[in-house]
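Colleague: Here you go, this is input.txt (compact mmCIF, C-alpha atoms).
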# COMPACT_ATOMS: atom_id res chain seq x y z
CA MET A 1 0.00 0.00 0.00
CA THR A 2 1.40 3.41 -0.93
CA GLU A 3 2.13 5.99 1.72
CA GLU A 4 -0.73 8.11 0.37
CA LYS A 5 -3.24 5.27 0.67
CA GLN A 6 -2.02 4.37 4.15
CA LEU A 7 -2.49 7.96 5.26
CA VAL A 8 -6.06 8.03 3.94
CA LYS A 9 -6.76 4.65 5.56
CA ASP A 10 -5.50 5.94 8.92
CA ILE A 11 -7.70 9.02 8.63
CA LEU A 12 -10.75 6.95 7.72
CA GLU A 13 -10.11 4.72 10.71
CA GLY A 14 -10.55 7.79 12.88
CA ASN A 15 -6.93 8.77 13.47
CA ARG A 16 -7.20 12.54 13.68
CA GLU A 17 -3.46 13.04 13.99
CA ALA A 18 -3.15 11.47 10.55
CA TYR A 19 -5.23 14.34 9.22
CA ARG A 20 -2.79 16.79 10.77
CA VAL A 21 -0.07 15.09 8.71
CA PHE A 22 -2.36 15.35 5.67
CA ILE A 23 -2.78 19.09 6.25
CA HIS A 24 0.96 19.64 6.58
CA ARG A 25 1.62 17.62 3.45
CA TYR A 26 -0.87 19.42 1.25
CA ASN A 27 -1.15 22.92 2.74
CA ARG A 28 1.29 24.42 0.21
CA LEU A 29 -0.79 23.07 -2.65
CA VAL A 30 -4.03 24.44 -1.21
CA ASN A 31 -2.36 27.78 -0.54
CA HIS A 32 -1.04 27.96 -4.10
CA VAL A 33 -4.57 27.65 -5.42
CA VAL A 34 -6.19 29.91 -2.83
CA PHE A 35 -3.54 32.64 -2.95
CA LYS A 36 -3.67 32.76 -6.73
CA MET A 37 -7.44 33.15 -6.83
CA VAL A 38 -8.37 35.12 -3.73
CA PHE A 39 -6.67 38.37 -2.85
CA ASN A 40 -8.33 39.23 0.44
CA GLU A 41 -6.17 38.07 3.36
CA ALA A 42 -9.06 37.24 5.68
CA ASP A 43 -10.95 35.37 2.98
CA ARG A 44 -7.87 33.30 2.16
CA GLU A 45 -7.69 31.85 5.68
CA ASP A 46 -11.41 31.09 5.72
CA ILE A 47 -11.24 29.39 2.34
CA SER A 48 -8.16 27.31 3.20
CA GLN A 49 -9.97 26.15 6.32
CA GLU A 50 -13.12 25.37 4.32
CA VAL A 51 -11.11 23.37 1.78
CA PHE A 52 -9.55 21.12 4.40
CA VAL A 53 -12.86 20.59 6.19
CA LYS A 54 -14.55 19.73 2.86
CA ALA A 55 -11.73 17.36 1.98
CA TYR A 56 -12.07 15.62 5.37
CA ARG A 57 -15.82 15.26 4.93
CA ASN A 58 -15.46 13.86 1.42
CA LEU A 59 -12.45 11.65 2.02
CA PRO A 60 -14.61 8.50 2.42
CA THR A 61 -15.80 8.97 -1.17
CA PHE A 62 -12.29 9.37 -2.60
CA LYS A 63 -11.71 6.45 -4.96
CA PHE A 64 -8.00 6.87 -5.80
CA GLU A 65 -8.94 7.34 -9.44
CA SER A 66 -6.66 10.36 -9.41
CA LYS A 67 -3.84 11.59 -7.19
CA ILE A 68 -4.92 13.10 -3.86
CA SER A 69 -3.17 16.32 -4.88
CA THR A 70 -5.32 16.61 -8.01
CA TRP A 71 -8.51 15.84 -6.06
CA LEU A 72 -7.64 18.30 -3.31
CA ALA A 73 -6.62 21.04 -5.75
CA ARG A 74 -9.96 20.59 -7.53
CA ILE A 75 -11.80 21.05 -4.22
CA ALA A 76 -9.73 24.17 -3.55
CA TYR A 77 -10.35 25.52 -7.06
CA ASN A 78 -14.12 24.95 -6.86
CA THR A 79 -14.30 26.45 -3.37
CA CYS A 80 -12.49 29.55 -4.63
CA LEU A 81 -14.79 29.73 -7.67
CA ASN A 82 -17.84 29.60 -5.37
CA HIS A 83 -16.34 32.33 -3.23
CA LEU A 84 -15.66 34.55 -6.25
CA GLU A 85 -19.20 33.99 -7.49
CA LYS A 86 -20.68 34.76 -4.09
CA LYS A 87 -18.67 37.97 -3.87
CA GLN A 88 -19.46 38.68 -7.51
CA ILE A 89 -15.79 38.99 -8.37
CA PRO A 90 -15.33 38.26 -12.08
CA LEU A 91 -12.84 35.49 -12.74
CA TYR A 92 -12.24 36.66 -16.26
CA GLN A 93 -11.27 40.23 -15.48
CA ASP A 94 -8.07 38.74 -16.83
CA VAL A 95 -9.16 39.26 -20.42
CA VAL A 96 -8.62 42.98 -19.99
CA ALA A 97 -5.19 42.47 -18.52
CA GLU A 98 -4.28 40.08 -21.29
CA GLN A 99 -5.31 42.44 -24.04
CA ALA A 100 -3.61 45.46 -22.59
CA SER A 101 -0.11 46.00 -23.84
CA ILE A 102 2.86 45.79 -21.56
CA ASP A 103 3.42 49.54 -21.88
CA GLU A 104 -0.11 50.33 -20.83
CA ASN A 105 0.10 47.94 -17.91
CA PRO A 106 3.49 48.46 -16.33
CA GLY A 107 2.83 46.88 -12.91
CA PHE A 108 4.58 48.65 -10.08
CA GLU A 109 7.51 50.86 -10.79
CA VAL A 110 10.80 50.04 -9.11
CA GLN A 111 13.02 52.86 -7.96
CA PRO A 112 16.78 52.10 -8.25
CA ASP A 113 17.46 52.57 -4.51
CA GLN A 114 14.43 50.53 -3.57
CA PHE A 115 15.70 47.82 -5.89
CA THR A 116 18.99 47.52 -4.05
CA VAL A 117 17.41 47.65 -0.59
CA ASP A 118 14.68 45.10 -1.17
CA ARG A 119 16.35 41.81 -2.01
CA ASN A 120 13.28 39.68 -1.54
CA MET A 121 12.74 39.14 -5.22
CA ALA A 122 10.54 36.12 -4.65
CA VAL A 123 7.94 38.48 -3.20
CA ARG A 124 8.27 40.72 -6.23
CA LEU A 125 7.81 37.77 -8.52
CA CYS A 126 4.67 36.86 -6.59
CA GLN A 127 3.39 40.39 -7.03
CA GLU A 128 4.04 40.24 -10.75
CA ILE A 129 2.27 36.89 -10.98
CA ASP A 130 -0.67 38.35 -9.05
CA GLU A 131 -0.93 40.98 -11.77
CA LEU A 132 -1.53 38.23 -14.31
CA PRO A 133 -4.96 36.84 -15.09
CA VAL A 134 -6.15 34.56 -12.28
CA ASN A 135 -6.01 31.33 -14.25
CA TYR A 136 -2.57 32.16 -15.66
CA GLY A 137 -1.06 32.57 -12.20
CA LEU A 138 -2.71 29.40 -10.99
CA ILE A 139 -1.50 27.34 -13.93
CA LEU A 140 2.05 28.70 -13.52
CA SER A 141 2.08 27.67 -9.87
CA LEU A 142 0.62 24.24 -10.47
CA TYR A 143 3.05 23.52 -13.31
CA HIS A 144 6.27 24.99 -11.95
CA LEU A 145 5.89 24.69 -8.18
CA GLN A 146 3.65 21.66 -7.83
CA GLU A 147 5.19 20.04 -10.92
CA MET A 148 1.82 18.87 -12.15
CA THR A 149 1.27 17.60 -15.68
CA TYR A 150 -1.00 19.24 -18.27
CA LYS A 151 -3.47 16.39 -17.68
CA GLU A 152 -3.60 16.95 -13.92
CA ILE A 153 -4.05 20.69 -14.35
CA SER A 154 -6.77 20.16 -16.93
CA ASP A 155 -8.58 17.85 -14.47
CA ILE A 156 -8.41 20.47 -11.75
CA LEU A 157 -9.57 23.37 -13.89
CA SER A 158 -11.99 21.28 -15.99
CA MET A 159 -10.56 22.55 -19.23
CA PRO A 160 -8.94 20.77 -22.19
CA GLU A 161 -5.23 19.99 -22.03
CA GLY A 162 -4.66 22.12 -25.14
CA THR A 163 -6.16 25.14 -23.38
CA VAL A 164 -3.95 24.56 -20.34
CA LYS A 165 -0.88 24.38 -22.58
CA SER A 166 -1.87 27.52 -24.42
CA TYR A 167 -2.59 29.42 -21.17
CA LEU A 168 0.76 28.30 -19.76
CA TYR A 169 2.61 29.47 -22.84
CA ARG A 170 0.85 32.85 -22.83
CA ALA A 171 1.32 33.26 -19.07
CA ARG A 172 5.06 32.67 -19.28
CA LYS A 173 5.45 35.02 -22.23
CA LEU A 174 3.42 37.74 -20.52
CA LEU A 175 5.33 37.30 -17.26
CA LYS A 176 8.73 37.27 -18.95
CA ASP A 177 7.94 40.45 -20.87
CA ARG A 178 6.77 42.19 -17.70
CA LEU A 179 9.82 41.07 -15.73
CA VAL A 180 12.25 42.03 -18.47
CA LYS A 181 10.66 45.45 -18.55
CA ASN A 182 10.61 45.99 -14.77
CA PHE A 183 13.56 44.03 -13.40
CA CYS A 184 16.89 42.51 -14.02
CA LEU A 185 15.85 38.88 -14.45
CA GLU A 186 19.10 37.52 -12.98
CA ASP A 187 18.26 39.12 -9.63
CA LEU A 188 15.02 37.20 -9.40
CA CYS A 189 16.97 33.99 -9.05
CA LEU A 190 19.07 35.09 -6.07
CA MET B 1 17.33 23.28 -41.13
CA SER B 2 15.24 26.43 -40.78
CA LEU B 3 17.26 29.52 -39.88
CA SER B 4 14.34 31.70 -38.85
CA ARG B 5 14.26 33.26 -35.37
CA ILE B 6 13.12 30.88 -32.68
CA SER B 7 9.66 31.65 -31.35
CA ASP B 8 8.74 31.96 -27.68
CA GLU B 9 6.63 28.85 -27.99
CA GLU B 10 9.54 26.78 -29.34
CA ILE B 11 11.80 27.98 -26.53
CA GLN B 12 9.20 26.99 -23.94
CA GLU B 13 8.73 23.60 -25.59
CA PHE B 14 12.51 23.12 -25.47
CA LEU B 15 12.77 24.07 -21.81
CA ASP B 16 9.77 21.89 -20.93
CA GLY B 17 11.54 18.97 -22.57
CA ASN B 18 8.77 18.44 -25.10
CA LEU B 19 10.99 18.40 -28.20
CA GLY B 20 12.21 15.20 -29.83
CA SER B 21 15.93 14.60 -30.51
CA ARG B 22 15.69 15.78 -34.13
CA GLU B 23 13.79 18.92 -33.10
CA VAL B 24 16.37 19.61 -30.38
CA ALA B 25 19.19 19.35 -32.94
CA ASP B 26 17.32 21.74 -35.25
CA PHE B 27 16.66 24.06 -32.30
CA ARG B 28 20.33 24.13 -31.32
CA GLY B 29 21.43 24.77 -34.88
CA ARG B 30 19.13 27.77 -35.19
CA LEU B 31 20.12 29.00 -31.75
CA ASP B 32 23.81 29.08 -32.68
CA ASN B 33 23.00 31.38 -35.57
CA CYS B 34 20.74 33.85 -33.82
CA GLU B 35 21.91 36.11 -30.99
CA LYS B 36 18.41 37.42 -30.34
CA SER B 37 17.14 33.90 -29.85
CA GLN B 38 20.04 33.18 -27.48
CA GLU B 39 19.11 36.25 -25.47
CA LYS B 40 15.48 35.20 -25.40
CA LEU B 41 16.43 31.69 -24.28
CA ARG B 42 18.55 33.18 -21.48
CA GLU B 43 15.57 35.25 -20.33
CA TYR B 44 13.34 32.21 -20.27
CA ILE B 45 15.93 30.19 -18.33
CA TYR B 46 15.98 32.91 -15.67
CA LEU B 47 12.20 32.97 -15.65
CA TYR B 48 11.98 29.21 -15.17
CA LYS B 49 14.49 29.39 -12.31
CA ALA B 50 12.62 32.31 -10.75
CA LEU B 51 9.33 30.43 -10.94
CA LYS B 52 10.92 27.57 -9.01
CA CYS B 53 11.71 29.90 -6.15
CA GLU B 54 8.42 31.72 -6.05
CA GLU B 55 7.46 32.56 -2.49
CA THR B 56 5.17 29.97 -0.98
CA HIS B 57 2.84 30.32 1.95
CA SER B 58 2.16 27.84 4.70
CA LEU B 59 -0.81 27.68 7.01
CA SER B 60 -0.15 29.18 10.41
CA PRO B 61 -0.13 26.70 13.33
CA ALA B 62 -3.18 28.52 14.74
CA LEU B 63 -5.10 27.92 11.53
CA VAL B 64 -4.12 24.25 11.50
CA GLU B 65 -5.47 23.98 15.06
CA ALA B 66 -8.67 25.75 14.01
CA ILE B 67 -9.12 23.25 11.17
CA MET B 68 -8.51 20.31 13.51
CA ASP B 69 -11.05 21.73 15.99
CA ASN B 70 -13.67 22.16 13.28
CA LEU B 71 -13.40 18.74 11.70
CA PRO B 72 -16.79 17.09 11.39
CA SER B 73 -17.32 13.46 12.33
CA LEU B 74 -16.45 11.06 9.56
CA GLU B 75 -19.49 9.44 8.02
CA GLU B 76 -19.74 6.42 5.81
CA PRO B 77 -20.44 7.41 2.23
CA LYS B 78 -24.12 7.44 1.48
CA LYS B 79 -25.09 4.48 -0.65
CA ARG B 80 -27.21 5.52 -3.55
CA LEU B 81 -29.22 3.00 -5.41
CA ASN B 82 -27.92 3.19 -8.92
CA LEU B 83 -30.88 2.40 -11.17
CA SER B 84 -28.69 1.31 -14.06
CA PHE B 85 -27.12 -1.35 -11.79
CA VAL B 86 -30.57 -2.49 -10.63
CA PHE B 87 -31.76 -2.69 -14.23
CA ALA B 88 -28.64 -4.62 -15.24
CA GLY B 89 -29.14 -6.93 -12.25
CA VAL B 90 -32.78 -7.67 -13.11
CA VAL B 91 -31.98 -8.23 -16.79
CA GLY B 92 -29.09 -10.47 -15.76
CA LEU B 93 -31.30 -12.55 -13.46
CA ILE B 94 -34.01 -12.93 -16.13
CA THR B 95 -31.38 -13.92 -18.69
CA LEU B 96 -29.85 -16.42 -16.28
CA VAL B 97 -33.22 -18.03 -15.53
CA GLY B 98 -34.06 -18.07 -19.25
CA LEU B 99 -30.74 -19.71 -20.13
CA LEU B 100 -31.12 -22.27 -17.36
CA HIS B 101 -34.61 -23.06 -18.55
CA TYR B 102 -33.44 -23.38 -22.14
CA PHE B 103 -30.30 -25.45 -21.63
CA ILE B 104 -31.09 -27.41 -18.49
CA ASP B 105 -34.05 -29.61 -17.81
CA LEU B 106 -35.41 -28.06 -14.65
CA THR B 107 -38.24 -30.55 -14.21
CA PRO B 108 -36.61 -32.54 -11.37
CA PHE B 109 -35.78 -29.31 -9.57
CA VAL B 110 -39.35 -28.02 -10.01
CA GLU B 111 -40.74 -31.37 -8.81
CA ARG B 112 -38.57 -31.27 -5.70
CA LEU B 113 -39.59 -27.69 -5.09
CA ALA B 114 -43.24 -28.67 -5.49
CA ALA B 115 -42.71 -31.35 -2.88
CA PHE B 116 -42.04 -28.72 -0.21
CA PRO B 117 -45.08 -28.59 2.09
CA ILE B 118 -45.58 -24.88 1.53
CA PHE B 119 -46.10 -25.42 -2.20
CA HIS B 120 -48.42 -28.36 -1.67
CA PRO B 121 -52.03 -27.58 -2.63
CA GLU B 122 -53.19 -29.01 0.65
CA PHE B 123 -50.71 -27.04 2.72
CA ASN B 124 -52.23 -26.01 5.97
CA TRP B 125 -52.08 -22.24 5.84
CA GLU B 126 -53.72 -22.08 9.22
CA ILE B 127 -50.34 -22.29 10.89
CA PHE B 128 -49.89 -18.65 9.91
CA ASN B 129 -53.20 -17.70 11.50
CA PRO B 130 -51.70 -16.30 14.72
CA LEU B 131 -49.50 -14.01 12.66
CA LEU B 132 -52.43 -12.94 10.49
CA LYS B 133 -54.53 -12.27 13.57
CA LEU B 134 -51.74 -10.15 14.99
CA PHE B 135 -51.71 -7.99 11.86
CA GLN B 136 -55.51 -7.80 11.87
CA LYS B 137 -55.35 -6.75 15.50
CA LEU B 138 -52.96 -4.01 14.49
CA ASN B 139 -55.45 -3.09 11.79
CA ALA B 140 -52.61 -3.40 9.32
CA GLU B 141 -52.60 -4.34 5.71
CA TYR B 142 -50.46 -7.39 6.26
CA TYR B 143 -50.07 -8.17 2.61
CA LEU B 144 -48.70 -4.66 2.14
CA PHE B 145 -46.23 -5.38 4.92
CA GLY B 146 -45.27 -8.63 3.28
CA PHE B 147 -44.84 -7.00 -0.07
CA SER B 148 -42.76 -4.20 1.43
CA ALA B 149 -40.57 -6.67 3.25
CA LEU B 150 -40.07 -8.61 0.05
CA VAL B 151 -39.14 -5.47 -1.87
CA LEU B 152 -36.76 -4.40 0.89
CA MET B 153 -35.12 -7.81 0.87
CA LEU B 154 -34.77 -7.69 -2.90
CA ILE B 155 -33.23 -4.23 -2.75
CA LYS B 156 -30.85 -5.33 -0.03
CA VAL B 157 -29.78 -8.35 -2.06
CA VAL B 158 -29.26 -6.26 -5.18
CA ASP B 159 -27.48 -3.60 -3.15
CA PHE B 160 -25.15 -6.16 -1.57
CA MET B 161 -24.47 -8.09 -4.75
CA LEU B 162 -24.01 -5.19 -7.10
CA LEU B 163 -23.26 -2.03 -5.18
CA ASP B 164 -21.70 -2.83 -1.89
CA PRO B 165 -18.36 -4.17 -3.14
CA GLU B 166 -17.79 -1.00 -5.11
CA TYR B 167 -18.37 1.20 -2.09
CA ARG B 168 -16.22 -1.02 0.05
CA LYS B 169 -13.19 -0.53 -2.14
CA VAL B 170 -13.58 3.28 -1.92
CA SER B 171 -12.13 3.56 1.52
CA HIS B 172 -9.57 0.77 1.31
Please rewrite the model in this file as structure tokens.
Modeller:
Amino acid sequence: MTEEKQLVKDILEGNREAYRVFIHRYNRLVNHVVFKMVFNEADREDISQEVFVKAYRNLPTFKFESKISTWLARIAYNTCLNHLEKKQIPLYQDVVAEQASIDENPGFEVQPDQFTVDRNMAVRLCQEIDELPVNYGLILSLYHLQEMTYKEISDILSMPEGTVKSYLYRARKLLKDRLVKNFCLEDLCL
Amino acid sequence: MSLSRISDEEIQEFLDGNLGSREVADFRGRLDNCEKSQEKLREYIYLYKALKCEETHSLSPALVEAIMDNLPSLEEPKKRLNLSFVFAGVVGLITLVGLLHYFIDLTPFVERLAAFPIFHPEFNWEIFNPLLKLFQKLNAEYYLFGFSALVLMLIKVVDFMLLDPEYRKVSH
């Protein structure tokens, strides 16, 4: 039995501490989805909590037809979608951002002195990704940080693999162009 | 070999490892001859590295505790009667009986069955009288009870034979 299956079995047998392990194992994944889709700090915590409670409630119905990470990310994605719908926040505000040229949409300006003082480029990268359309940022995170395949991402977002691939390509191009314009790319990798 | 400038898409395909060996050779050949493409590739390499070190967020210990405190009790998955399974089960049973009847001479079996006292025309049904009286006393439609019990038993049998194993494997 794989480690993943054993963990689920322990949880289903009523071992609550096993669920703590589950949370620690998958909290980065859930946060990647939630942070990419929801921008309000307070809402993010509530949604992360809701995702893990939903996952716990639905764990007995999990059939291991997909990876737990894919299943959990889909729960997180749908929970975020529901939240956005409830708050009437359009998911596809991204279309505007996508169509706007880089010059019209410069992101935040970096002053030279500020650039040397603030070395936390990872945060800056996050901010640049947050400027991208919601689905673009999410796909970038799932592909590059969670190392998911096109198929897994397409299962989570319920969209064809071709669309995922095309979004990923456009997201990287858009992000690269923005970063080249605003930063020295080498510094981002420090 | 095409000497045109390498597109963003081709560079991403290369870095994702989606190109075949021949395409990689072609890619490298074109790269050697185009400084702009080399510059673009360098930019993408930095981007890929940067994406690997994107800041990640973890749940605070307090939030983990809040989740643990709010966990509901685990319930068994609700078993839903899948009508297509029931239909397949009934059709299967009818087919089985039909095939048995066609290929096997069931006469001895039927004769033995007929020999059971309950199927005998002179079976003394009065032994059930106390039970019937009890139902009458309750002012109940006993045949409705009997029919319901039979249906429930049938559903249980179908549920166990066709559905239960599938649900069992869900959690294990």
Colleague: Please measure the separation of CA of Val8 in chain A and CA of Lys63 in chain A, giving the value in Å to one decimal.
Modeller: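 CA of Lys63 in chain A lies 10.7 Å from CA of Val8 in chain A.
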Colleague: Taking into account all atoms listed in the file, which residue in the set A:Asn31, A:Asn40, A:Gln49, A:Asn58 is nearest to Ser73 in chain B?
Modeller: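 For Ser73 in chain B, the nearest of the candidates is A:Asn58.
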Colleague: With distances taken over all atoms listed in the file, which of B:Val90, B:Leu41, B:Leu19, B:Leu51 is nearest to Gly137 in chain A?
Modeller: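 Smallest distance to Gly137 in chain A is found for B:Leu51.
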Colleague: Select, from A:Glu152, A:Glu85, A:Glu3, A:Glu147, the residue with the minimum atom-to-atom distance to chain B, counting only C-alpha atoms.
Modeller: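 For chain B, the nearest of the given residues is A:Glu147.
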Colleague: Taking into account only C-alpha atoms, which residue in the set A:Thr70, A:Thr61, A:Asn15, A:Gln88 is nearest to chain B?
Modeller: A:Thr61
Colleague: Quick one: pull the distance between CA of His101 in chain B and CA of Ala149 in chain B, Å, one decimal.
Modeller: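 That distance, rounded to one decimal, is 27.9 Å.
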Colleague: Hey, can you check how far CA of Leu29 in chain A sits from CA of His57 in chain B?
Modeller: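 The value is 9.3 Å.
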Colleague: Choose the residue, out of B:Ile94, B:Ile45, B:Met153, B:Leu71, that has the smallest atom-to-atom separation from Asp16 in chain B; count only C-alpha atoms.
Modeller: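 Selected residue with least distance to Asp16 in chain B: B:Ile45.
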Colleague: Go through B:Tyr48, B:Phe109, B:Phe27, B:Phe116 and flag the residue nearest chain A, using only C-alpha atoms for the distances.
Modeller: B:Tyr48
Colleague: Excluding Leu74 in chain B and any residue of its chain fewer than 3 positions from it, enumerate the residues within 9 Å of it, using only C-alpha atoms, and give them as a CSV table (one decimal) with C-alpha atoms, keeping the file's coordinate frame.
Modeller:
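Generated file (around.csv):
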chain,number,residue,atom,x,y,z
A,12,LEU,CA,-10.8,7.0,7.7
A,14,GLY,CA,-10.6,7.8,12.9
A,56,TYR,CA,-12.1,15.6,5.4
A,57,ARG,CA,-15.8,15.3,4.9
A,58,ASN,CA,-15.5,13.9,1.4
A,59,LEU,CA,-12.4,11.6,2.0
A,60,PRO,CA,-14.6,8.5,2.4
B,71,LEU,CA,-13.4,18.7,11.7
Colleague: Extract, using only C-alpha atoms, all DNA, RNA and protein residues at most 7 Å from Leu157 in chain A, discarding same-chain residues fewer than 3 positions from it, and format them as a list in words.
Modeller: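 Result of the neighbour search: Arg74, Ile153 and Ser154 of chain A.
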Colleague: Place a sphere of radius 12 Å on (14.3, 36.4, -26.3) in the file coordinates and name every protein, DNA or RNA residue with an atom inside or on its surface, counting all atoms listed in the file; give the answer as a PDB file with C-alpha atoms, in the frame of the given file.
Modeller:
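What ended up in point-v5.pdb:
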ATOM      1  CA  LYS A 173       5.450  35.020 -22.230  1.00  0.00           C
ATOM      2  CA  LYS A 176       8.730  37.270 -18.950  1.00  0.00           C
ATOM      3  CA  ASP A 177       7.940  40.450 -20.870  1.00  0.00           C
ATOM      4  CA  VAL A 180      12.250  42.030 -18.470  1.00  0.00           C
TER       5      VAL A 180
ATOM      6  CA  ARG B   5      14.260  33.260 -35.370  1.00  0.00           C
ATOM      7  CA  ILE B   6      13.120  30.880 -32.680  1.00  0.00           C
ATOM      8  CA  SER B   7       9.660  31.650 -31.350  1.00  0.00           C
ATOM      9  CA  ASP B   8       8.740  31.960 -27.680  1.00  0.00           C
ATOM     10  CA  GLU B   9       6.630  28.850 -27.990  1.00  0.00           C
ATOM     11  CA  GLU B  10       9.540  26.780 -29.340  1.00  0.00           C
ATOM     12  CA  ILE B  11      11.800  27.980 -26.530  1.00  0.00           C
ATOM     13  CA  GLN B  12       9.200  26.990 -23.940  1.00  0.00           C
ATOM     14  CA  LEU B  31      20.120  29.000 -31.750  1.00  0.00           C
ATOM     15  CA  CYS B  34      20.740  33.850 -33.820  1.00  0.00           C
ATOM     16  CA  GLU B  35      21.910  36.110 -30.990  1.00  0.00           C
ATOM     17  CA  LYS B  36      18.410  37.420 -30.340  1.00  0.00           C
ATOM     18  CA  SER B  37      17.140  33.900 -29.850  1.00  0.00           C
ATOM     19  CA  GLN B  38      20.040  33.180 -27.480  1.00  0.00           C
ATOM     20  CA  GLU B  39      19.110  36.250 -25.470  1.00  0.00           C
ATOM     21  CA  LYS B  40      15.480  35.200 -25.400  1.00  0.00           C
ATOM     22  CA  LEU B  41      16.430  31.690 -24.280  1.00  0.00           C
ATOM     23  CA  ARG B  42      18.550  33.180 -21.480  1.00  0.00           C
ATOM     24  CA  GLU B  43      15.570  35.250 -20.330  1.00  0.00           C
ATOM     25  CA  TYR B  44      13.340  32.210 -20.270  1.00  0.00           C
ATOM     26  CA  ILE B  45      15.930  30.190 -18.330  1.00  0.00           C
ATOM     27  CA  TYR B  46      15.980  32.910 -15.670  1.00  0.00           C
ATOM     28  CA  LEU B  47      12.200  32.970 -15.650  1.00  0.00           C
TER      29      LEU B  47
END
Colleague: Range 44-87 of chain A from the block above, C-alpha atoms, as a JSON list (two decimals), in the first residue's frame, please?
Modeller:
[["chain", "number", "residue", "atom", "x", "y", "z"],
["A", 44, "ARG", "CA", -7.87, 33.30, 2.16],
["A", 45, "GLU", "CA", -7.69, 31.85, 5.68],
["A", 46, "ASP", "CA", -11.41, 31.09, 5.72],
["A", 47, "ILE", "CA", -11.24, 29.39, 2.34],
["A", 48, "SER", "CA", -8.16, 27.31, 3.20],
["A", 49, "GLN", "CA", -9.97, 26.15, 6.32],
["A", 50, "GLU", "CA", -13.12, 25.37, 4.32],
["A", 51, "VAL", "CA", -11.11, 23.37, 1.78],
["A", 52, "PHE", "CA", -9.55, 21.12, 4.40],
["A", 53, "VAL", "CA", -12.86, 20.59, 6.19],
["A", 54, "LYS", "CA", -14.55, 19.73, 2.86],
["A", 55, "ALA", "CA", -11.73, 17.36, 1.98],
["A", 56, "TYR", "CA", -12.07, 15.62, 5.37],
["A", 57, "ARG", "CA", -15.82, 15.26, 4.93],
["A", 58, "ASN", "CA", -15.46, 13.86, 1.42],
["A", 59, "LEU", "CA", -12.45, 11.65, 2.02],
["A", 60, "PRO", "CA", -14.61, 8.50, 2.42],
["A", 61, "THR", "CA", -15.80, 8.97, -1.17],
["A", 62, "PHE", "CA", -12.29, 9.37, -2.60],
["A", 63, "LYS", "CA", -11.71, 6.45, -4.96],
["A", 64, "PHE", "CA", -8.00, 6.87, -5.80],
["A", 65, "GLU", "CA", -8.94, 7.34, -9.44],
["A", 66, "SER", "CA", -6.66, 10.36, -9.41],
["A", 67, "LYS", "CA", -3.84, 11.59, -7.19],
["A", 68, "ILE", "CA", -4.92, 13.10, -3.86],
["A", 69, "SER", "CA", -3.17, 16.32, -4.88],
["A", 70, "THR", "CA", -5.32, 16.61, -8.01],
["A", 71, "TRP", "CA", -8.51, 15.84, -6.06],
["A", 72, "LEU", "CA", -7.64, 18.30, -3.31],
["A", 73, "ALA", "CA", -6.62, 21.04, -5.75],
["A", 74, "ARG", "CA", -9.96, 20.59, -7.53],
["A", 75, "ILE", "CA", -11.80, 21.05, -4.22],
["A", 76, "ALA", "CA", -9.73, 24.17, -3.55],
["A", 77, "TYR", "CA", -10.35, 25.52, -7.06],
["A", 78, "ASN", "CA", -14.12, 24.95, -6.86],
["A", 79, "THR", "CA", -14.30, 26.45, -3.37],
["A", 80, "CYS", "CA", -12.49, 29.55, -4.63],
["A", 81, "LEU", "CA", -14.79, 29.73, -7.67],
["A", 82, "ASN", "CA", -17.84, 29.60, -5.37],
["A", 83, "HIS", "CA", -16.34, 32.33, -3.23],
["A", 84, "LEU", "CA", -15.66, 34.55, -6.25],
["A", 85, "GLU", "CA", -19.20, 33.99, -7.49],
["A", 86, "LYS", "CA", -20.68, 34.76, -4.09],
["A", 87, "LYS", "CA", -18.67, 37.97, -3.87]]
